[in-house]
$ cat query-v8.txt   # compact mmCIF, N, CA and C atoms
# COMPACT_ATOMS: atom_id res chain seq x y z
N MET A 1310 -35.25 -19.98 9.88
CA MET A 1310 -33.92 -20.04 10.43
C MET A 1310 -33.95 -19.54 11.86
N ASN A 1311 -33.34 -20.27 12.72
CA ASN A 1311 -33.32 -19.88 14.12
C ASN A 1311 -32.18 -18.94 14.44
N THR A 1312 -31.21 -18.80 13.54
CA THR A 1312 -30.03 -18.00 13.82
C THR A 1312 -30.26 -16.51 13.58
N ILE A 1313 -31.40 -16.14 13.01
CA ILE A 1313 -31.65 -14.74 12.71
C ILE A 1313 -32.08 -14.02 13.97
N LYS A 1314 -31.35 -12.98 14.31
CA LYS A 1314 -31.64 -12.21 15.50
C LYS A 1314 -32.56 -11.06 15.15
N SER A 1315 -33.27 -10.57 16.13
CA SER A 1315 -34.15 -9.44 15.91
C SER A 1315 -33.35 -8.15 15.76
N SER A 1316 -32.04 -8.17 16.04
CA SER A 1316 -31.22 -6.98 15.92
C SER A 1316 -30.91 -6.63 14.47
N VAL A 1317 -31.15 -7.57 13.55
CA VAL A 1317 -30.90 -7.30 12.15
C VAL A 1317 -32.03 -6.41 11.65
N PRO A 1318 -31.68 -5.23 11.10
CA PRO A 1318 -32.73 -4.32 10.64
C PRO A 1318 -33.43 -4.87 9.40
N ASN A 1319 -34.68 -4.54 9.26
CA ASN A 1319 -35.47 -4.99 8.11
C ASN A 1319 -35.50 -3.94 7.01
N THR A 1320 -34.92 -2.78 7.26
CA THR A 1320 -34.94 -1.69 6.30
C THR A 1320 -33.51 -1.27 5.96
N THR A 1321 -33.40 -0.30 5.10
CA THR A 1321 -32.11 0.20 4.68
C THR A 1321 -31.44 0.97 5.81
N VAL A 1322 -30.15 0.71 5.99
CA VAL A 1322 -29.37 1.38 7.03
C VAL A 1322 -28.14 2.00 6.39
N THR A 1323 -27.85 3.24 6.74
CA THR A 1323 -26.64 3.89 6.25
C THR A 1323 -25.45 3.34 7.01
N ARG A 1324 -24.45 2.90 6.28
CA ARG A 1324 -23.28 2.30 6.90
C ARG A 1324 -22.04 3.15 6.64
N ASN A 1325 -21.12 3.12 7.57
CA ASN A 1325 -19.83 3.76 7.39
C ASN A 1325 -18.93 2.81 6.60
N VAL A 1326 -18.44 3.24 5.47
CA VAL A 1326 -17.64 2.38 4.60
C VAL A 1326 -16.36 1.94 5.30
N HIS A 1327 -15.84 2.75 6.17
CA HIS A 1327 -14.59 2.41 6.87
C HIS A 1327 -14.78 1.25 7.85
N ASP A 1328 -16.01 1.02 8.30
CA ASP A 1328 -16.27 -0.13 9.17
C ASP A 1328 -16.14 -1.44 8.40
N LEU A 1329 -16.43 -1.40 7.10
CA LEU A 1329 -16.39 -2.62 6.30
C LEU A 1329 -14.98 -3.13 6.03
N ASP A 1330 -14.03 -2.22 5.86
CA ASP A 1330 -12.67 -2.68 5.54
C ASP A 1330 -11.77 -2.79 6.75
N ARG A 1331 -12.33 -2.69 7.92
CA ARG A 1331 -11.54 -2.75 9.15
C ARG A 1331 -10.86 -4.11 9.34
N SER A 1332 -11.56 -5.20 9.08
CA SER A 1332 -10.99 -6.53 9.34
C SER A 1332 -10.15 -7.05 8.17
N THR A 1333 -10.40 -6.58 6.96
CA THR A 1333 -9.66 -7.10 5.80
C THR A 1333 -8.66 -6.11 5.24
N GLY A 1334 -8.89 -4.83 5.45
CA GLY A 1334 -8.01 -3.82 4.89
C GLY A 1334 -8.37 -3.47 3.45
N ASN A 1335 -9.41 -4.09 2.91
CA ASN A 1335 -9.80 -3.87 1.52
C ASN A 1335 -11.32 -3.94 1.44
N ILE A 1336 -11.93 -2.86 1.00
CA ILE A 1336 -13.40 -2.80 0.94
C ILE A 1336 -13.96 -3.84 -0.02
N TYR A 1337 -13.28 -4.07 -1.12
CA TYR A 1337 -13.78 -5.02 -2.12
C TYR A 1337 -13.70 -6.46 -1.62
N GLU A 1338 -12.64 -6.76 -0.90
CA GLU A 1338 -12.53 -8.09 -0.31
C GLU A 1338 -13.64 -8.31 0.73
N SER A 1339 -13.93 -7.28 1.50
CA SER A 1339 -15.01 -7.38 2.48
C SER A 1339 -16.36 -7.60 1.80
N LEU A 1340 -16.59 -6.90 0.70
CA LEU A 1340 -17.85 -7.06 -0.02
C LEU A 1340 -17.99 -8.45 -0.63
N VAL A 1341 -16.89 -9.03 -1.08
CA VAL A 1341 -16.93 -10.39 -1.61
C VAL A 1341 -17.29 -11.37 -0.49
N ILE A 1342 -16.70 -11.19 0.68
CA ILE A 1342 -17.00 -12.05 1.83
C ILE A 1342 -18.48 -11.94 2.20
N ILE A 1343 -18.98 -10.71 2.25
CA ILE A 1343 -20.39 -10.48 2.61
C ILE A 1343 -21.31 -11.09 1.57
N SER A 1344 -20.97 -10.92 0.29
CA SER A 1344 -21.85 -11.46 -0.75
C SER A 1344 -21.85 -12.99 -0.77
N LYS A 1345 -20.70 -13.61 -0.52
CA LYS A 1345 -20.67 -15.07 -0.47
C LYS A 1345 -21.46 -15.59 0.72
N ARG A 1346 -21.37 -14.92 1.84
CA ARG A 1346 -22.15 -15.32 3.02
C ARG A 1346 -23.64 -15.11 2.76
N ALA A 1347 -24.01 -14.02 2.08
CA ALA A 1347 -25.42 -13.77 1.76
C ALA A 1347 -25.95 -14.87 0.84
N ASN A 1348 -25.15 -15.35 -0.09
CA ASN A 1348 -25.56 -16.46 -0.96
C ASN A 1348 -25.79 -17.73 -0.14
N GLN A 1349 -24.92 -18.00 0.82
CA GLN A 1349 -25.09 -19.17 1.68
C GLN A 1349 -26.40 -19.07 2.47
N ILE A 1350 -26.65 -17.91 3.05
CA ILE A 1350 -27.86 -17.71 3.83
C ILE A 1350 -29.09 -17.85 2.94
N SER A 1351 -29.03 -17.26 1.76
CA SER A 1351 -30.15 -17.34 0.82
C SER A 1351 -30.45 -18.78 0.43
N ASN A 1352 -29.42 -19.54 0.13
CA ASN A 1352 -29.62 -20.95 -0.22
C ASN A 1352 -30.23 -21.74 0.93
N ASN A 1353 -29.76 -21.49 2.15
CA ASN A 1353 -30.31 -22.17 3.32
C ASN A 1353 -31.78 -21.81 3.53
N MET A 1354 -32.11 -20.54 3.38
CA MET A 1354 -33.49 -20.10 3.54
C MET A 1354 -34.39 -20.71 2.46
N LYS A 1355 -33.88 -20.77 1.24
CA LYS A 1355 -34.66 -21.33 0.14
C LYS A 1355 -34.93 -22.82 0.36
N GLU A 1356 -33.91 -23.55 0.79
CA GLU A 1356 -34.09 -24.98 1.07
C GLU A 1356 -35.09 -25.20 2.19
N GLU A 1357 -34.99 -24.38 3.23
CA GLU A 1357 -35.89 -24.50 4.37
C GLU A 1357 -37.33 -24.19 3.94
N LEU A 1358 -37.53 -23.15 3.15
CA LEU A 1358 -38.86 -22.78 2.68
C LEU A 1358 -39.44 -23.88 1.79
N HIS A 1359 -38.65 -24.38 0.86
CA HIS A 1359 -39.14 -25.44 -0.03
C HIS A 1359 -39.47 -26.71 0.75
N GLY A 1360 -38.69 -27.00 1.79
CA GLY A 1360 -38.98 -28.15 2.62
C GLY A 1360 -40.30 -28.02 3.35
N LYS A 1361 -40.58 -26.82 3.87
CA LYS A 1361 -41.84 -26.60 4.57
C LYS A 1361 -43.03 -26.58 3.61
N LEU A 1362 -42.83 -26.02 2.43
CA LEU A 1362 -43.93 -25.97 1.46
C LEU A 1362 -44.16 -27.32 0.80
N ALA A 1363 -43.16 -28.18 0.78
CA ALA A 1363 -43.31 -29.51 0.18
C ALA A 1363 -44.30 -30.36 0.98
N GLU A 1364 -44.45 -30.07 2.26
CA GLU A 1364 -45.41 -30.80 3.08
C GLU A 1364 -46.84 -30.60 2.58
N PHE A 1365 -47.10 -29.48 1.92
CA PHE A 1365 -48.43 -29.16 1.45
C PHE A 1365 -48.68 -29.61 0.01
N ALA A 1366 -47.66 -30.08 -0.67
CA ALA A 1366 -47.79 -30.47 -2.07
C ALA A 1366 -48.61 -31.76 -2.17
N SER A 1367 -49.47 -31.78 -3.16
CA SER A 1367 -50.23 -32.99 -3.43
C SER A 1367 -50.30 -33.18 -4.94
N SER A 1368 -50.48 -34.40 -5.35
CA SER A 1368 -50.47 -34.69 -6.78
C SER A 1368 -51.78 -34.30 -7.46
N ASN A 1369 -52.87 -34.21 -6.72
CA ASN A 1369 -54.16 -33.87 -7.33
C ASN A 1369 -54.74 -32.62 -6.70
N ASP A 1370 -54.14 -31.49 -7.04
CA ASP A 1370 -54.64 -30.21 -6.53
C ASP A 1370 -55.90 -29.80 -7.28
N ASN A 1371 -56.89 -29.38 -6.52
CA ASN A 1371 -58.04 -28.76 -7.16
C ASN A 1371 -58.07 -27.30 -6.75
N LEU A 1372 -58.88 -26.53 -7.39
CA LEU A 1372 -58.88 -25.09 -7.20
C LEU A 1372 -59.23 -24.68 -5.78
N GLU A 1373 -60.14 -25.40 -5.10
CA GLU A 1373 -60.52 -25.02 -3.75
C GLU A 1373 -59.37 -25.22 -2.76
N GLU A 1374 -58.61 -26.30 -2.93
CA GLU A 1374 -57.50 -26.56 -2.02
C GLU A 1374 -56.42 -25.51 -2.14
N ILE A 1375 -56.20 -25.01 -3.32
CA ILE A 1375 -55.16 -24.01 -3.53
C ILE A 1375 -55.49 -22.73 -2.79
N PHE A 1376 -56.74 -22.29 -2.84
CA PHE A 1376 -57.12 -21.03 -2.22
C PHE A 1376 -57.39 -21.16 -0.72
N GLU A 1377 -57.62 -22.35 -0.22
CA GLU A 1377 -57.97 -22.53 1.18
C GLU A 1377 -56.78 -22.85 2.07
N ASN A 1378 -55.64 -23.05 1.53
CA ASN A 1378 -54.49 -23.46 2.32
C ASN A 1378 -53.86 -22.27 3.03
N ARG A 1379 -54.40 -21.89 4.15
CA ARG A 1379 -53.94 -20.73 4.91
C ARG A 1379 -52.56 -20.94 5.54
N GLU A 1380 -52.27 -22.16 5.96
CA GLU A 1380 -50.97 -22.43 6.59
C GLU A 1380 -49.84 -22.16 5.61
N GLN A 1381 -50.01 -22.57 4.38
CA GLN A 1381 -48.99 -22.35 3.36
C GLN A 1381 -48.81 -20.85 3.11
N ILE A 1382 -49.89 -20.11 3.11
CA ILE A 1382 -49.82 -18.66 2.92
C ILE A 1382 -49.10 -18.01 4.09
N GLU A 1383 -49.37 -18.45 5.31
CA GLU A 1383 -48.71 -17.89 6.49
C GLU A 1383 -47.21 -18.17 6.49
N ILE A 1384 -46.83 -19.36 6.06
CA ILE A 1384 -45.39 -19.68 5.97
C ILE A 1384 -44.72 -18.77 4.96
N SER A 1385 -45.34 -18.58 3.82
CA SER A 1385 -44.78 -17.70 2.79
C SER A 1385 -44.66 -16.27 3.29
N LYS A 1386 -45.69 -15.78 3.99
CA LYS A 1386 -45.64 -14.42 4.52
C LYS A 1386 -44.55 -14.27 5.57
N HIS A 1387 -44.34 -15.31 6.38
CA HIS A 1387 -43.28 -15.27 7.39
C HIS A 1387 -41.92 -15.08 6.72
N TYR A 1388 -41.65 -15.82 5.65
CA TYR A 1388 -40.37 -15.71 4.96
C TYR A 1388 -40.23 -14.37 4.24
N GLU A 1389 -41.33 -13.79 3.81
CA GLU A 1389 -41.27 -12.48 3.17
C GLU A 1389 -40.93 -11.38 4.18
N ARG A 1390 -41.35 -11.55 5.43
CA ARG A 1390 -41.09 -10.55 6.47
C ARG A 1390 -39.69 -10.65 7.06
N MET A 1391 -39.01 -11.76 6.82
CA MET A 1391 -37.67 -11.94 7.39
C MET A 1391 -36.69 -10.96 6.76
N PRO A 1392 -35.62 -10.62 7.49
CA PRO A 1392 -34.60 -9.75 6.91
C PRO A 1392 -33.96 -10.41 5.70
N LYS A 1393 -33.54 -9.60 4.76
CA LYS A 1393 -32.92 -10.11 3.55
C LYS A 1393 -31.55 -10.72 3.88
N PRO A 1394 -31.13 -11.73 3.11
CA PRO A 1394 -29.84 -12.38 3.36
C PRO A 1394 -28.65 -11.42 3.36
N SER A 1395 -28.70 -10.39 2.53
CA SER A 1395 -27.60 -9.43 2.49
C SER A 1395 -27.50 -8.64 3.80
N LEU A 1396 -28.64 -8.33 4.41
CA LEU A 1396 -28.62 -7.62 5.69
C LEU A 1396 -28.10 -8.50 6.81
N ILE A 1397 -28.48 -9.76 6.78
CA ILE A 1397 -28.00 -10.71 7.79
C ILE A 1397 -26.50 -10.90 7.65
N ALA A 1398 -26.03 -11.06 6.41
CA ALA A 1398 -24.59 -11.26 6.16
C ALA A 1398 -23.79 -10.03 6.59
N MET A 1399 -24.31 -8.84 6.31
CA MET A 1399 -23.63 -7.61 6.71
C MET A 1399 -23.53 -7.53 8.23
N ASP A 1400 -24.60 -7.86 8.92
CA ASP A 1400 -24.60 -7.83 10.37
C ASP A 1400 -23.60 -8.84 10.94
N GLU A 1401 -23.59 -10.04 10.38
CA GLU A 1401 -22.64 -11.05 10.84
C GLU A 1401 -21.20 -10.61 10.60
N PHE A 1402 -20.93 -10.02 9.46
CA PHE A 1402 -19.57 -9.57 9.15
C PHE A 1402 -19.12 -8.46 10.09
N LEU A 1403 -19.98 -7.49 10.32
CA LEU A 1403 -19.61 -6.37 11.18
C LEU A 1403 -19.46 -6.79 12.64
N ASN A 1404 -20.12 -7.86 13.05
CA ASN A 1404 -20.01 -8.36 14.42
C ASN A 1404 -19.02 -9.52 14.54
N GLN A 1405 -18.17 -9.68 13.55
CA GLN A 1405 -17.13 -10.73 13.50
C GLN A 1405 -17.68 -12.13 13.76
N LYS A 1406 -18.82 -12.45 13.16
CA LYS A 1406 -19.40 -13.78 13.29
C LYS A 1406 -19.13 -14.64 12.06
N VAL A 1407 -18.40 -14.09 11.09
CA VAL A 1407 -18.10 -14.80 9.85
C VAL A 1407 -16.61 -15.12 9.83
N TYR A 1408 -16.30 -16.41 9.65
CA TYR A 1408 -14.90 -16.80 9.50
C TYR A 1408 -14.52 -16.63 8.04
N HIS A 1409 -13.40 -15.95 7.79
CA HIS A 1409 -12.93 -15.78 6.43
C HIS A 1409 -11.41 -15.79 6.42
N ARG A 1410 -10.87 -16.23 5.30
CA ARG A 1410 -9.42 -16.20 5.12
C ARG A 1410 -9.14 -16.03 3.64
N ASN A 1411 -7.97 -15.53 3.35
CA ASN A 1411 -7.55 -15.32 1.97
C ASN A 1411 -6.28 -16.15 1.74
N PRO A 1412 -6.38 -17.27 1.04
CA PRO A 1412 -5.20 -18.12 0.82
C PRO A 1412 -4.07 -17.41 0.08
N ALA A 1413 -4.41 -16.45 -0.77
CA ALA A 1413 -3.38 -15.71 -1.51
C ALA A 1413 -2.53 -14.87 -0.56
N LYS A 1414 -3.14 -14.31 0.45
CA LYS A 1414 -2.39 -13.51 1.44
C LYS A 1414 -1.57 -14.41 2.35
N GLU A 1415 -2.07 -15.62 2.63
CA GLU A 1415 -1.36 -16.54 3.52
C GLU A 1415 -0.09 -17.09 2.88
N GLN A 1416 -0.05 -17.19 1.56
CA GLN A 1416 1.14 -17.74 0.88
C GLN A 1416 2.28 -16.74 0.85
N LYS A 1417 1.99 -15.46 0.94
CA LYS A 1417 3.05 -14.43 0.84
C LYS A 1417 3.84 -14.31 2.09
$ encode --input "query-v8.txt" --output "structure tokens"
Amino acid sequence: MNTIKSSVPNTTVTRNVHDLDRSTGNIYESLVIISKRANQISNNMKEELHGKLAEFASSNDNLEEIFENREQIEISKHYERMPKPSLIAMDEFLNQKVYHRNPAKEQK
């Protein structure tokens, strides 16, 4: 994914809970938005990884080809080193990069 910035931490970060409910007024609503965005990011990353790994798939794999395919191993390692989708979604939410709306609130 090209949209992942290096500013997204790869490790656990302590967050202020009050920062999460600033835009919605409800911590649980904010967490639902973050989790839905994390699912979207995860699905996109999974599709991208499967697409890249599909290039290496062959119908007649033998044991030597499986162990010698360094490019496939490097692609897998790259995706393992990337920040987790939940961290990316949290960063996007806190930086107001996620569009969200609540239709139930709009009807009132």
$ closest_residue --input "query-v8.txt" --among "A:Ser1332, A:Leu1362, A:Glu1338, A:Ala1347" --to "Lys1393 of chain A" --atoms "all atoms listed in the file"
A:Ala1347
$ axis_aligned_box --input "query-v8.txt" --around "segment 1385-1397 of chain A" --padding-each-side "6 Å" --output "JSON"
{"center_x": -36.1, "center_y": -13.1, "center_z": 5.1, "size_x": 31.2, "size_y": 23.0, "size_z": 17.3}
$ atom_distance --input "query-v8.txt" --atom1 "atom CA of Asp1330 of chain A" --atom2 "atom CA of Glu1415 of chain A"
18.0 Å
$ atom_distance --input "query-v8.txt" --atom1 "atom N of Val1407 of chain A" --atom2 "atom N of Gly1334 of chain A"
14.4 Å
$ select_by_dssp --input "query-v8.txt" --residues "chain A" --states "alpha helix (DSSP H)" --output "MDAnalysis selection string"
chainID A and resid 1326:1329 1336:1363 1372:1377 1379:1390 1394:1403 1412:1416
$ closest_atom_pairs --input "query-v8.txt" --of "segment 1318-1357 of chain A" --to "segment 1395-1401 of chain A" --cutoff "6.5 Å" --atoms "only N, CA and C atoms" --output "tab-separated table"
residue	atom	partner	partner_atom	distance
A:Pro1318	N	A:Leu1396	C	6.5
A:Ile1343	CA	A:Ala1398	C	5.3
A:Arg1346	C	A:Ala1398	CA	5.2
A:Ala1347	CA	A:Ser1395	N	4.8
$ write_last_selection --input "query-v8.txt" --atoms "N, CA and C atoms" --output "mmCIF file, in the frame of the given file"
data_model
loop_
_atom_site.group_PDB
_atom_site.id
_atom_site.type_symbol
_atom_site.label_atom_id
_atom_site.label_comp_id
_atom_site.auth_asym_id
_atom_site.auth_seq_id
_atom_site.Cartn_x
_atom_site.Cartn_y
_atom_site.Cartn_z
ATOM 1 N N PRO A 1318 -31.680 -5.230 11.100
ATOM 2 C CA PRO A 1318 -32.730 -4.320 10.640
ATOM 3 C C PRO A 1318 -33.430 -4.870 9.400
ATOM 4 N N ILE A 1343 -18.980 -10.710 2.250
ATOM 5 C CA ILE A 1343 -20.390 -10.480 2.610
ATOM 6 C C ILE A 1343 -21.310 -11.090 1.570
ATOM 7 N N ARG A 1346 -21.370 -14.920 1.840
ATOM 8 C CA ARG A 1346 -22.150 -15.320 3.020
ATOM 9 C C ARG A 1346 -23.640 -15.110 2.760
ATOM 10 N N ALA A 1347 -24.010 -14.020 2.080
ATOM 11 C CA ALA A 1347 -25.420 -13.770 1.760
ATOM 12 C C ALA A 1347 -25.950 -14.870 0.840
#
$ atom_distance --input "query-v8.txt" --atom1 "atom N of Val1317 of chain A" --atom2 "atom C of Glu1389 of chain A"
14.1 Å
$ closest_residue --input "query-v8.txt" --among "A:Pro1394, A:Tyr1337, A:Glu1380, A:Asn1325" --to "Ser1351 of chain A" --atoms "only N, CA and C atoms"
A:Pro1394
$ closest_residue --input "query-v8.txt" --among "A:Leu1329, A:Ile1350, A:Leu1340, A:Lys1361" --to "Ile1384 of chain A" --atoms "all atoms listed in the file"
A:Lys1361
$ decode --input "query-v8.txt" --residues "segment 1319-1352 of chain A" --atoms "N, CA and C atoms" --output "PDB file, in the first residue's frame"
ATOM      1  N   ASN A1319       4.981   1.341  14.682  1.00  0.00           N
ATOM      2  CA  ASN A1319       4.919  -0.105  14.498  1.00  0.00           C
ATOM      3  C   ASN A1319       4.739  -0.835  15.822  1.00  0.00           C
ATOM      4  N   THR A1320       4.759  -0.106  16.921  1.00  0.00           N
ATOM      5  CA  THR A1320       4.656  -0.706  18.240  1.00  0.00           C
ATOM      6  C   THR A1320       3.458  -0.123  18.983  1.00  0.00           C
ATOM      7  N   THR A1321       3.263  -0.585  20.183  1.00  0.00           N
ATOM      8  CA  THR A1321       2.164  -0.122  21.011  1.00  0.00           C
ATOM      9  C   THR A1321       2.416   1.307  21.479  1.00  0.00           C
ATOM     10  N   VAL A1322       1.368   2.125  21.405  1.00  0.00           N
ATOM     11  CA  VAL A1322       1.457   3.516  21.827  1.00  0.00           C
ATOM     12  C   VAL A1322       0.341   3.789  22.821  1.00  0.00           C
ATOM     13  N   THR A1323       0.668   4.457  23.922  1.00  0.00           N
ATOM     14  CA  THR A1323      -0.348   4.836  24.895  1.00  0.00           C
ATOM     15  C   THR A1323      -1.118   6.022  24.339  1.00  0.00           C
ATOM     16  N   ARG A1324      -2.431   5.906  24.341  1.00  0.00           N
ATOM     17  CA  ARG A1324      -3.271   6.957  23.780  1.00  0.00           C
ATOM     18  C   ARG A1324      -4.134   7.582  24.874  1.00  0.00           C
ATOM     19  N   ASN A1325      -4.444   8.841  24.706  1.00  0.00           N
ATOM     20  CA  ASN A1325      -5.373   9.527  25.589  1.00  0.00           C
ATOM     21  C   ASN A1325      -6.789   9.217  25.103  1.00  0.00           C
ATOM     22  N   VAL A1326      -7.603   8.643  25.951  1.00  0.00           N
ATOM     23  CA  VAL A1326      -8.954   8.235  25.572  1.00  0.00           C
ATOM     24  C   VAL A1326      -9.792   9.438  25.154  1.00  0.00           C
ATOM     25  N   HIS A1327      -9.533  10.572  25.728  1.00  0.00           N
ATOM     26  CA  HIS A1327     -10.316  11.770  25.397  1.00  0.00           C
ATOM     27  C   HIS A1327     -10.057  12.261  23.973  1.00  0.00           C
ATOM     28  N   ASP A1328      -8.912  11.907  23.406  1.00  0.00           N
ATOM     29  CA  ASP A1328      -8.642  12.264  22.008  1.00  0.00           C
ATOM     30  C   ASP A1328      -9.533  11.482  21.054  1.00  0.00           C
ATOM     31  N   LEU A1329      -9.923  10.274  21.455  1.00  0.00           N
ATOM     32  CA  LEU A1329     -10.730   9.429  20.584  1.00  0.00           C
ATOM     33  C   LEU A1329     -12.171   9.906  20.441  1.00  0.00           C
ATOM     34  N   ASP A1330     -12.740  10.451  21.507  1.00  0.00           N
ATOM     35  CA  ASP A1330     -14.148  10.864  21.414  1.00  0.00           C
ATOM     36  C   ASP A1330     -14.326  12.336  21.077  1.00  0.00           C
ATOM     37  N   ARG A1331     -13.264  12.994  20.707  1.00  0.00           N
ATOM     38  CA  ARG A1331     -13.332  14.417  20.398  1.00  0.00           C
ATOM     39  C   ARG A1331     -14.219  14.713  19.182  1.00  0.00           C
ATOM     40  N   SER A1332     -14.122  13.921  18.127  1.00  0.00           N
ATOM     41  CA  SER A1332     -14.890  14.215  16.907  1.00  0.00           C
ATOM     42  C   SER A1332     -16.306  13.643  16.934  1.00  0.00           C
ATOM     43  N   THR A1333     -16.541  12.593  17.720  1.00  0.00           N
ATOM     44  CA  THR A1333     -17.869  11.973  17.732  1.00  0.00           C
ATOM     45  C   THR A1333     -18.645  12.255  19.012  1.00  0.00           C
ATOM     46  N   GLY A1334     -17.946  12.517  20.088  1.00  0.00           N
ATOM     47  CA  GLY A1334     -18.611  12.725  21.363  1.00  0.00           C
ATOM     48  C   GLY A1334     -18.911  11.420  22.086  1.00  0.00           C
ATOM     49  N   ASN A1335     -18.529  10.294  21.505  1.00  0.00           N
ATOM     50  CA  ASN A1335     -18.819   8.989  22.084  1.00  0.00           C
ATOM     51  C   ASN A1335     -17.640   8.065  21.783  1.00  0.00           C
ATOM     52  N   ILE A1336     -17.012   7.554  22.823  1.00  0.00           N
ATOM     53  CA  ILE A1336     -15.831   6.707  22.647  1.00  0.00           C
ATOM     54  C   ILE A1336     -16.167   5.429  21.885  1.00  0.00           C
ATOM     55  N   TYR A1337     -17.336   4.869  22.135  1.00  0.00           N
ATOM     56  CA  TYR A1337     -17.717   3.612  21.490  1.00  0.00           C
ATOM     57  C   TYR A1337     -17.998   3.811  20.003  1.00  0.00           C
ATOM     58  N   GLU A1338     -18.603   4.931  19.669  1.00  0.00           N
ATOM     59  CA  GLU A1338     -18.828   5.241  18.264  1.00  0.00           C
ATOM     60  C   GLU A1338     -17.493   5.432  17.538  1.00  0.00           C
ATOM     61  N   SER A1339     -16.550   6.070  18.196  1.00  0.00           N
ATOM     62  CA  SER A1339     -15.225   6.254  17.611  1.00  0.00           C
ATOM     63  C   SER A1339     -14.529   4.915  17.384  1.00  0.00           C
ATOM     64  N   LEU A1340     -14.656   4.017  18.350  1.00  0.00           N
ATOM     65  CA  LEU A1340     -14.028   2.706  18.210  1.00  0.00           C
ATOM     66  C   LEU A1340     -14.659   1.888  17.091  1.00  0.00           C
ATOM     67  N   VAL A1341     -15.954   2.030  16.883  1.00  0.00           N
ATOM     68  CA  VAL A1341     -16.613   1.340  15.776  1.00  0.00           C
ATOM     69  C   VAL A1341     -16.090   1.874  14.443  1.00  0.00           C
ATOM     70  N   ILE A1342     -15.938   3.186  14.344  1.00  0.00           N
ATOM     71  CA  ILE A1342     -15.410   3.798  13.115  1.00  0.00           C
ATOM     72  C   ILE A1342     -13.991   3.304  12.851  1.00  0.00           C
ATOM     73  N   ILE A1343     -13.167   3.282  13.892  1.00  0.00           N
ATOM     74  CA  ILE A1343     -11.776   2.833  13.743  1.00  0.00           C
ATOM     75  C   ILE A1343     -11.729   1.364  13.352  1.00  0.00           C
ATOM     76  N   SER A1344     -12.572   0.547  13.971  1.00  0.00           N
ATOM     77  CA  SER A1344     -12.534  -0.888  13.650  1.00  0.00           C
ATOM     78  C   SER A1344     -13.026  -1.164  12.236  1.00  0.00           C
ATOM     79  N   LYS A1345     -14.040  -0.435  11.779  1.00  0.00           N
ATOM     80  CA  LYS A1345     -14.506  -0.629  10.403  1.00  0.00           C
ATOM     81  C   LYS A1345     -13.445  -0.197   9.397  1.00  0.00           C
ATOM     82  N   ARG A1346     -12.758   0.884   9.687  1.00  0.00           N
ATOM     83  CA  ARG A1346     -11.681   1.337   8.801  1.00  0.00           C
ATOM     84  C   ARG A1346     -10.526   0.334   8.816  1.00  0.00           C
ATOM     85  N   ALA A1347     -10.210  -0.228   9.992  1.00  0.00           N
ATOM     86  CA  ALA A1347      -9.147  -1.232  10.082  1.00  0.00           C
ATOM     87  C   ALA A1347      -9.506  -2.464   9.252  1.00  0.00           C
ATOM     88  N   ASN A1348     -10.769  -2.859   9.244  1.00  0.00           N
ATOM     89  CA  ASN A1348     -11.202  -3.990   8.418  1.00  0.00           C
ATOM     90  C   ASN A1348     -11.025  -3.682   6.932  1.00  0.00           C
ATOM     91  N   GLN A1349     -11.352  -2.456   6.528  1.00  0.00           N
ATOM     92  CA  GLN A1349     -11.163  -2.061   5.134  1.00  0.00           C
ATOM     93  C   GLN A1349      -9.686  -2.131   4.750  1.00  0.00           C
ATOM     94  N   ILE A1350      -8.832  -1.595   5.597  1.00  0.00           N
ATOM     95  CA  ILE A1350      -7.398  -1.594   5.325  1.00  0.00           C
ATOM     96  C   ILE A1350      -6.875  -3.026   5.268  1.00  0.00           C
ATOM     97  N   SER A1351      -7.319  -3.851   6.201  1.00  0.00           N
ATOM     98  CA  SER A1351      -6.888  -5.243   6.239  1.00  0.00           C
ATOM     99  C   SER A1351      -7.291  -5.988   4.971  1.00  0.00           C
ATOM    100  N   ASN A1352      -8.517  -5.785   4.529  1.00  0.00           N
ATOM    101  CA  ASN A1352      -8.972  -6.436   3.297  1.00  0.00           C
ATOM    102  C   ASN A1352      -8.166  -5.969   2.089  1.00  0.00           C
TER     103      ASN A1352
END
